[in-house]
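Enquirer: What follows is work.txt, compact mmCIF, C-alpha atoms.
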```txt
# COMPACT_ATOMS: atom_id res chain seq x y z
CA MET A 1 91.84 7.39 -60.46
CA ASP A 2 88.40 7.28 -62.09
CA ARG A 3 86.46 10.50 -62.38
CA PHE A 4 82.78 10.80 -63.24
CA LYS A 5 80.69 13.57 -64.74
CA LEU A 6 77.26 14.09 -66.21
CA ASP A 7 77.06 13.02 -69.83
CA ASP A 8 77.41 16.20 -71.91
CA ALA A 9 74.55 15.10 -74.17
CA LEU A 10 72.18 14.64 -71.22
CA ALA A 11 69.15 16.92 -71.03
CA PHE A 12 68.19 17.62 -67.45
CA ARG A 13 66.20 20.10 -65.40
CA GLU A 14 65.39 20.73 -61.78
CA LEU A 15 61.77 21.50 -61.05
CA ASP A 16 60.31 21.98 -57.58
CA GLY A 17 63.33 20.29 -56.00
CA GLU A 18 63.29 17.22 -58.22
CA ILE A 19 65.77 16.48 -61.00
CA PHE A 20 64.56 15.09 -64.30
CA ALA A 21 66.80 13.85 -67.10
CA ILE A 22 66.44 12.46 -70.59
CA THR A 23 69.21 10.26 -71.93
CA PRO A 24 69.60 11.16 -75.60
CA ASP A 25 70.74 7.79 -76.93
CA ASP A 26 67.55 6.01 -75.87
CA GLY A 27 65.16 8.90 -75.07
CA ARG A 28 64.45 7.52 -71.59
CA PHE A 29 63.06 9.83 -68.92
CA HIS A 30 64.64 9.60 -65.46
CA VAL A 31 63.68 11.08 -62.09
CA ILE A 32 66.98 11.39 -60.24
CA SER A 33 66.05 12.96 -56.91
CA ASP A 34 63.41 11.51 -54.65
CA GLU A 35 61.35 14.09 -52.81
CA ALA A 36 59.54 11.29 -50.95
CA ASP A 37 62.78 10.88 -48.98
CA GLU A 38 63.93 14.44 -48.29
CA SER A 39 67.47 13.57 -47.17
CA ALA A 40 68.10 11.24 -50.13
CA GLY A 41 66.77 13.93 -52.46
CA ALA A 42 69.12 16.51 -50.97
CA VAL A 43 72.12 14.19 -51.40
CA SER A 44 71.10 13.42 -54.99
CA ARG A 45 70.81 17.11 -55.81
CA LEU A 46 74.24 17.82 -54.29
CA LEU A 47 75.87 14.99 -56.25
CA ILE A 48 74.23 16.00 -59.53
CA GLU A 49 75.42 19.58 -59.03
CA LEU A 50 78.98 18.39 -58.33
CA LEU A 51 78.94 16.02 -61.30
CA ARG A 52 78.63 18.91 -63.74
CA GLU A 53 82.44 18.78 -63.55
CA PRO A 54 84.62 15.64 -63.44
CA ARG A 55 84.86 14.36 -59.85
CA THR A 56 86.40 11.38 -58.11
CA ILE A 57 84.37 9.21 -55.77
CA GLU A 58 86.59 10.45 -52.96
CA HIS A 59 85.74 14.08 -53.72
CA LEU A 60 82.02 13.27 -53.79
CA VAL A 61 82.22 11.37 -50.49
CA GLU A 62 84.04 14.26 -48.83
CA ALA A 63 81.37 16.69 -50.06
CA VAL A 64 78.54 14.50 -48.75
CA CYS A 65 80.26 14.10 -45.35
CA ALA A 66 80.86 17.85 -45.12
CA GLU A 67 77.24 18.69 -45.95
CA PHE A 68 75.38 15.93 -44.07
CA ASP A 69 75.74 14.10 -40.78
CA VAL A 70 77.06 10.81 -42.18
CA ASP A 71 80.23 8.80 -41.61
CA ASP A 72 82.80 8.16 -44.34
CA GLU A 73 81.99 4.48 -44.73
CA ALA A 74 78.25 4.97 -45.17
CA ALA A 75 78.79 7.91 -47.52
CA ALA A 76 81.30 5.93 -49.62
CA HIS A 77 78.85 3.05 -49.95
CA ASP A 78 75.91 5.27 -50.88
CA VAL A 79 77.90 7.42 -53.33
CA SER A 80 79.31 4.31 -55.02
CA GLN A 81 75.84 2.80 -55.37
CA PHE A 82 74.41 6.06 -56.70
CA LEU A 83 77.21 6.44 -59.26
CA ALA A 84 76.85 2.81 -60.38
CA HIS A 85 73.14 3.39 -60.96
CA LEU A 86 73.74 6.63 -62.87
CA GLU A 87 76.42 4.97 -64.97
CA ARG A 88 74.14 2.02 -65.84
CA GLU A 89 71.46 4.50 -66.88
CA ARG A 90 74.03 6.45 -68.97
CA ILE A 91 73.50 9.62 -66.97
CA VAL A 92 77.15 9.85 -65.92
CA VAL A 93 80.28 8.81 -67.77
CA ARG A 94 83.82 8.02 -66.68
CA VAL A 95 86.40 10.52 -67.85
CA SER A 96 90.18 10.46 -67.83
```
Output the file's structure in the form of structure tokens.
Expert:
Amino acid sequence: MDRFKLDDALAFRELDGEIFAITPDDGRFHVISDEADESAGAVSRLLIELLREPRTIEHLVEAVCAEFDVDDEAAAHDVSQFLAHLERERIVVRVS
């Protein structure tokens, strides 16, 4: 089962509720949480916190469902999309 975690080389900080990251291989600056959408920003912050350690998608979905009023199917879709985006941007990596 695939597990994901933040890239160890990633530089990131939380400032005023928003998460900023710099990917070291290309020096790109990323804003991960979106304070314009408070609920999406809260979910992003939770997932980033959890991804400090290797986690399965299932674990992340369970955490989102436990913390927010969302059904399993919607949470699974959103978490999968979020992870795919973070992986494309080289913010998270798959680990064995």
Enquirer: Would you kindly return, as a list in words, each protein, DNA or RNA residue with an atom no farther than 8 Å from any atom of Ala76 of chain A, considering all atoms listed in the file and excluding same-chain residues fewer than 4 positions away?
Expert: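 Contacts, in chain order: Ile57, Glu58, Val61, Asp72 and Ser80 of chain A.
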Enquirer: Counting all atoms listed in the file, which residue out of A:Ile91, A:Val31, A:Ala63, A:Ile19 sits closest to Val79 of chain A?
Expert: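 Comparing A:Ile91, A:Val31, A:Ala63, A:Ile19 against Val79 of chain A, the winner is A:Ala63.
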Enquirer: Between A:Arg94, A:His30, A:Arg88, A:Arg52, which residue has the minimum interatomic distance to Met1 of chain A, considering all atoms listed in the file?
Expert: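 The closest residue to Met1 of chain A is A:Arg94.
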Enquirer: So the first atom is atom CA of Ala74 of chain A and the second is atom CA of Pro54 of chain A; what is the distance between them in Å, to one decimal place?
Expert: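 Calculated distance between atom CA of Ala74 of chain A and atom CA of Pro54 of chain A is 22.1 Å.
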Enquirer: When you draw a straight line from atom CA of Glu18 of chain A to atom CA of Val95 of chain A, how long is it in Å?
Expert: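 That distance, rounded to one decimal, is 25.9 Å.
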Enquirer: Atom CA of Ile32 of chain A and atom CA of Ser44 of chain A are how many Å apart?
Expert: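 So the answer is 7.0 Å.
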Enquirer: Quick one: residues within 8 Å of Leu10 of chain A, only C-alpha atoms, excluding same-chain residues fewer than 4 positions away - as an mmCIF file with C-alpha atoms, in the frame of the given file?
Expert:
```cif
data_model
loop_
_atom_site.group_PDB
_atom_site.id
_atom_site.type_symbol
_atom_site.label_atom_id
_atom_site.label_comp_id
_atom_site.auth_asym_id
_atom_site.auth_seq_id
_atom_site.Cartn_x
_atom_site.Cartn_y
_atom_site.Cartn_z
ATOM 1 C CA LEU A 6 77.260 14.090 -66.210
ATOM 2 C CA ALA A 21 66.800 13.850 -67.100
ATOM 3 C CA ILE A 22 66.440 12.460 -70.590
ATOM 4 C CA THR A 23 69.210 10.260 -71.930
ATOM 5 C CA PRO A 24 69.600 11.160 -75.600
ATOM 6 C CA ILE A 91 73.500 9.620 -66.970
#
```
Enquirer: Rank nothing, just name the residue among A:Arg45, A:Glu89, A:Gly27, A:Glu14 nearest to Glu67 of chain A, using all atoms listed in the file.
Expert: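 Checking each of A:Arg45, A:Glu89, A:Gly27, A:Glu14 against Glu67 of chain A, counting all atoms listed in the file, the winner is A:Arg45.
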Enquirer: Counting only C-alpha atoms, which of A:Asp78, A:Ile48, A:Arg3, A:Gly41 gets nearest to Asp16 of chain A?
Expert: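 With only C-alpha atoms as the atom set, the closest residue is A:Gly41.
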Enquirer: Go through A:Arg28, A:Phe12, A:Ala66, A:Glu87 and flag the residue nearest Glu49 of chain A, using all atoms listed in the file for the distances.
Expert: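 Ranking A:Arg28, A:Phe12, A:Ala66, A:Glu87 by distance to Glu49 of chain A, first place goes to A:Phe12.
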Enquirer: Which residues are close to Leu60 of chain A, i.e. within 9 Å by only C-alpha atoms, leaving aside same-chain residues fewer than 4 positions away? Reply as a list in words.
Expert: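 So the residues in contact are Leu47, Leu50, Leu51, Arg55, Thr56, Val64, Cys65, Ala75, Ala76 and Val79 of chain A.
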